[in-house]
Amino acid sequence: MSSGEELQATAVTLKGPQELALSELKVTDPQATDIVVRVTESGISTGTEKLFWTGEMPPFPGMGYPLVPGYEAAGEVVEAGSETHFKPGDRVFVPGANCYEGAFGLFGGASSLLVSDASRAIRIDEGHGPEGALLALAATARHAIAGPNKQLPDLIVGHGVLGRLLARLTVAAGGPAPTVWEIDPSRHDGAEGYAVTTPDADTRRDYMSVYDASGSVDVLNDLVGRIAKDGEIVLAGFYTAPISFAFPPAFMKEARFRIAAEWTPDDLTATRGLVEAGALSLDGLITHTSKAADAAQAYQTAFTDASCLKMILDWKGHA
């Protein structure tokens with residue numbers, strides 16, 4: 001990539017709810033602290049990205065249409081600023097970028113090319129392949145679990161990608177195997193060292209640490225009834241509806257509620273270490289892959305097909 005060349009990207013663009021297309025966008029000029037990344041894979045989030053796609057996303061700083069979605073991007077550095085520690089050819093994970101003219105980049109990772117401050121990127125092993133795009137979600141799960149005054153889950157609600165990562169991290173940390181609830185029978189497979197069941201089949205009422213990865217507020221009253229006294233419920237999903245629950249049962253249990261926010265750079269570094277050491281596997285989480293040219297159908301599938309745990313867009317071949 002020659003100096004002074006105007007950068008263009010082919011990017012997924014949400015022009016409004018369910019108005020998704022590929023667009024050619026000018027990319028801002030990189031500075032000395034930036035890297036230019038040619039994206040090879042990007043992931044589709046069935047949480048926050050789905051809310052933008054449906055138009056249900058509550059007001060959020062930096063949001064608006066048109067929007068380039070995606071915060072899970074892996075690719076190759078093609079240009080590195082003089083004040084970065086990267087070099088061309090490095091494989092990196094980038095949690096999106098705000099580098100587009102004419103479109104919001106609140107996420108900004110679903111693009112053939114992006115410019116990012118080097119401090120946001122992390123070098124990853126070439127051998128990770130498409131799974132490298134899952135690093136942010138794995139770091140999100142790690143952030144929910146790791147740190148002072150945090151307990152490992154003994155019950156996880158939801159066996160999607162986040163729920164599976166929470167369970168795998170719990171096992172990797174040496175904790176007792178958690179129970180995982182999943183109401184969709186098609187998502188019961190794939191458990192590694194833990195059991196998956198339904199709420200109706202589980203009679204336990206003494207869980208100390210329950211992690212909800214479903215994003216559903218309807219389950220909260222049931223969870224309050226399942227915890228022991230002084231038990232904790234961790235909200236690890238993303239919730240659009242107001243959170244509510246019956247107070248008297250929570251009062252009797254002296255229940256504690258905690259909200260798990262997004263990952264930090266330390267979580268990303270620690271998670272990469274777990275993956276590279278073989279302590280955390282990202283295998284079996286990607287169920288669907290689509291060419292970036294077919295993005296509109298790929299997003300539809302990711303958001304409407306229950307068999308789709310994680311959809312990856314393949315950007316190889318896009319300039």
# chains A, B, ... in the order shown; residues from 1 in each chain; ligands from 1
$ select_by_dssp --residues "region 147-291 of chain A" --states "strand (DSSP E)" --output "PyMOL selection string"
chain A and resi 155-157+179-181+195-197+207-212+227-235+256-259+288-291
$ residues_around --residues "Val78 (chain A)" --least-positions-apart "3" --cutoff "10 Å" --atoms "only C-alpha atoms" --output "number ranges by chain"
A: 1, 35-39, 75, 86-91, 113
$ closest_residue --among "A:Ala172, A:Ala103, A:Leu14, A:Leu235" --to "Gly278 (chain A)" --atoms "only C-alpha atoms"
A:Ala172
$ residues_around --residues "Asp184 (chain A)" --least-positions-apart "6" --cutoff "10 Å" --atoms "only C-alpha atoms" --output "list in words"
Gly158, His159, Thr197, Thr198, Ala306 and Ser307 of chain A
$ residues_around --residues "Pro199 (chain A)" --least-positions-apart "2" --cutoff "8 Å" --atoms "only C-alpha atoms" --output "list in words"
Trp181, Glu182, Ile183, Thr197, Ala201, Asp202 and Thr203 of chain A
$ write_last_selection --atoms "C-alpha atoms" --output "PDB file, in the first residue's frame"
ATOM      1  CA  TRP A 181     -29.823 -24.165  31.153  1.00  0.00           C
ATOM      2  CA  GLU A 182     -30.973 -24.126  27.534  1.00  0.00           C
ATOM      3  CA  ILE A 183     -34.608 -24.325  26.406  1.00  0.00           C
ATOM      4  CA  THR A 197     -30.405 -29.261  30.906  1.00  0.00           C
ATOM      5  CA  ALA A 201     -35.679 -30.657  34.578  1.00  0.00           C
ATOM      6  CA  ASP A 202     -33.535 -28.942  37.217  1.00  0.00           C
ATOM      7  CA  THR A 203     -34.832 -29.120  40.792  1.00  0.00           C
TER       8      THR A 203
END
$ residues_around --residues "region 260-273 of chain A" --least-positions-apart "4" --cutoff "10 Å" --atoms "only C-alpha atoms" --output "PyMOL selection string"
chain A and resi 93+119-125+132+135-147+169+211+234-238+277-280
$ write_last_selection --atoms "N, CA and C atoms" --output "mmCIF file, in the first residue's frame"
data_model
loop_
_atom_site.group_PDB
_atom_site.id
_atom_site.type_symbol
_atom_site.label_atom_id
_atom_site.label_comp_id
_atom_site.auth_asym_id
_atom_site.auth_seq_id
_atom_site.Cartn_x
_atom_site.Cartn_y
_atom_site.Cartn_z
ATOM 1 N N PHE A 93 -6.126 -9.184 16.005
ATOM 2 C CA PHE A 93 -7.545 -9.035 16.302
ATOM 3 C C PHE A 93 -7.794 -7.564 16.570
ATOM 4 N N SER A 119 -3.216 0.699 19.782
ATOM 5 C CA SER A 119 -3.433 0.280 21.168
ATOM 6 C C SER A 119 -4.681 -0.581 21.316
ATOM 7 N N ARG A 120 -5.585 -0.534 20.327
ATOM 8 C CA ARG A 120 -6.814 -1.326 20.397
ATOM 9 C C ARG A 120 -6.637 -2.730 19.825
ATOM 10 N N ALA A 121 -5.561 -2.951 19.104
ATOM 11 C CA ALA A 121 -5.348 -4.234 18.445
ATOM 12 C C ALA A 121 -4.459 -5.127 19.291
ATOM 13 N N ILE A 122 -4.541 -6.415 19.027
ATOM 14 C CA ILE A 122 -3.687 -7.371 19.723
ATOM 15 C C ILE A 122 -3.215 -8.413 18.720
ATOM 16 N N ARG A 123 -1.938 -8.728 18.784
ATOM 17 C CA ARG A 123 -1.360 -9.712 17.867
ATOM 18 C C ARG A 123 -1.860 -11.096 18.243
ATOM 19 N N ILE A 124 -2.232 -11.888 17.248
ATOM 20 C CA ILE A 124 -2.718 -13.247 17.496
ATOM 21 C C ILE A 124 -1.965 -14.234 16.622
ATOM 22 N N ASP A 125 -2.037 -15.475 17.001
ATOM 23 C CA ASP A 125 -1.347 -16.534 16.280
ATOM 24 C C ASP A 125 -2.048 -16.807 14.954
ATOM 25 N N GLY A 132 -9.946 -16.602 15.480
ATOM 26 C CA GLY A 132 -9.335 -15.389 16.002
ATOM 27 C C GLY A 132 -10.322 -14.253 16.158
ATOM 28 N N LEU A 135 -12.160 -13.509 19.783
ATOM 29 C CA LEU A 135 -11.407 -13.142 20.969
ATOM 30 C C LEU A 135 -12.154 -12.148 21.852
ATOM 31 N N ALA A 136 -12.870 -11.190 21.267
ATOM 32 C CA ALA A 136 -13.583 -10.197 22.088
ATOM 33 C C ALA A 136 -14.690 -10.851 22.905
ATOM 34 N N LEU A 137 -15.410 -11.778 22.304
ATOM 35 C CA LEU A 137 -16.478 -12.449 23.040
ATOM 36 C C LEU A 137 -15.906 -13.305 24.165
ATOM 37 N N ALA A 138 -14.777 -13.957 23.890
ATOM 38 C CA ALA A 138 -14.124 -14.736 24.941
ATOM 39 C C ALA A 138 -13.625 -13.827 26.057
ATOM 40 N N ALA A 139 -13.117 -12.651 25.699
ATOM 41 C CA ALA A 139 -12.654 -11.693 26.708
ATOM 42 C C ALA A 139 -13.823 -11.137 27.511
ATOM 43 N N THR A 140 -14.980 -10.987 26.874
ATOM 44 C CA THR A 140 -16.183 -10.549 27.586
ATOM 45 C C THR A 140 -16.574 -11.574 28.651
ATOM 46 N N ALA A 141 -16.516 -12.848 28.279
ATOM 47 C CA ALA A 141 -16.823 -13.913 29.246
ATOM 48 C C ALA A 141 -15.800 -13.920 30.373
ATOM 49 N N ARG A 142 -14.547 -13.736 30.027
ATOM 50 C CA ARG A 142 -13.493 -13.721 31.049
ATOM 51 C C ARG A 142 -13.679 -12.548 31.996
ATOM 52 N N HIS A 143 -14.068 -11.382 31.465
ATOM 53 C CA HIS A 143 -14.269 -10.195 32.297
ATOM 54 C C HIS A 143 -15.381 -10.423 33.322
ATOM 55 N N ALA A 144 -16.421 -11.152 32.921
ATOM 56 C CA ALA A 144 -17.543 -11.418 33.829
ATOM 57 C C ALA A 144 -17.123 -12.289 35.003
ATOM 58 N N ILE A 145 -16.160 -13.180 34.760
ATOM 59 C CA ILE A 145 -15.786 -14.183 35.754
ATOM 60 C C ILE A 145 -14.593 -13.778 36.606
ATOM 61 N N ALA A 146 -13.578 -13.176 35.969
ATOM 62 C CA ALA A 146 -12.295 -12.959 36.633
ATOM 63 C C ALA A 146 -12.254 -11.641 37.395
ATOM 64 N N GLY A 147 -11.499 -11.617 38.478
ATOM 65 C CA GLY A 147 -11.308 -10.387 39.224
ATOM 66 C C GLY A 147 -11.729 -10.514 40.673
ATOM 67 N N LEU A 169 -14.577 -21.451 30.489
ATOM 68 C CA LEU A 169 -13.660 -20.719 31.358
ATOM 69 C C LEU A 169 -13.767 -21.200 32.803
ATOM 70 N N TYR A 211 -25.174 -16.983 36.377
ATOM 71 C CA TYR A 211 -24.832 -16.060 35.296
ATOM 72 C C TYR A 211 -25.880 -16.189 34.187
ATOM 73 N N VAL A 234 -25.725 -12.683 38.119
ATOM 74 C CA VAL A 234 -24.882 -11.839 37.274
ATOM 75 C C VAL A 234 -25.568 -11.668 35.927
ATOM 76 N N LEU A 235 -25.821 -10.421 35.559
ATOM 77 C CA LEU A 235 -26.434 -10.118 34.271
ATOM 78 C C LEU A 235 -25.320 -9.968 33.250
ATOM 79 N N ALA A 236 -25.094 -11.023 32.484
ATOM 80 C CA ALA A 236 -23.983 -11.047 31.534
ATOM 81 C C ALA A 236 -24.426 -10.814 30.097
ATOM 82 N N GLY A 237 -25.742 -10.742 29.874
ATOM 83 C CA GLY A 237 -26.246 -10.461 28.539
ATOM 84 C C GLY A 237 -26.418 -8.967 28.327
ATOM 85 N N PHE A 238 -27.146 -8.604 27.266
ATOM 86 C CA PHE A 238 -27.479 -7.200 27.022
ATOM 87 C C PHE A 238 -28.995 -7.104 26.981
ATOM 88 N N ALA A 277 -2.260 -21.104 25.204
ATOM 89 C CA ALA A 277 -1.747 -22.158 26.077
ATOM 90 C C ALA A 277 -2.572 -23.440 25.988
ATOM 91 N N GLY A 278 -3.702 -23.380 25.275
ATOM 92 C CA GLY A 278 -4.558 -24.550 25.155
ATOM 93 C C GLY A 278 -5.519 -24.734 26.313
ATOM 94 N N ALA A 279 -5.571 -23.743 27.241
ATOM 95 C CA ALA A 279 -6.471 -23.856 28.380
ATOM 96 C C ALA A 279 -7.910 -23.531 28.013
ATOM 97 N N LEU A 280 -8.095 -22.710 26.980
ATOM 98 C CA LEU A 280 -9.433 -22.343 26.520
ATOM 99 C C LEU A 280 -9.543 -22.650 25.039
#
$ atom_distance --atom1 "CA of Ala167 (chain A)" --atom2 "CA of Ala213 (chain A)"
10.8 Å
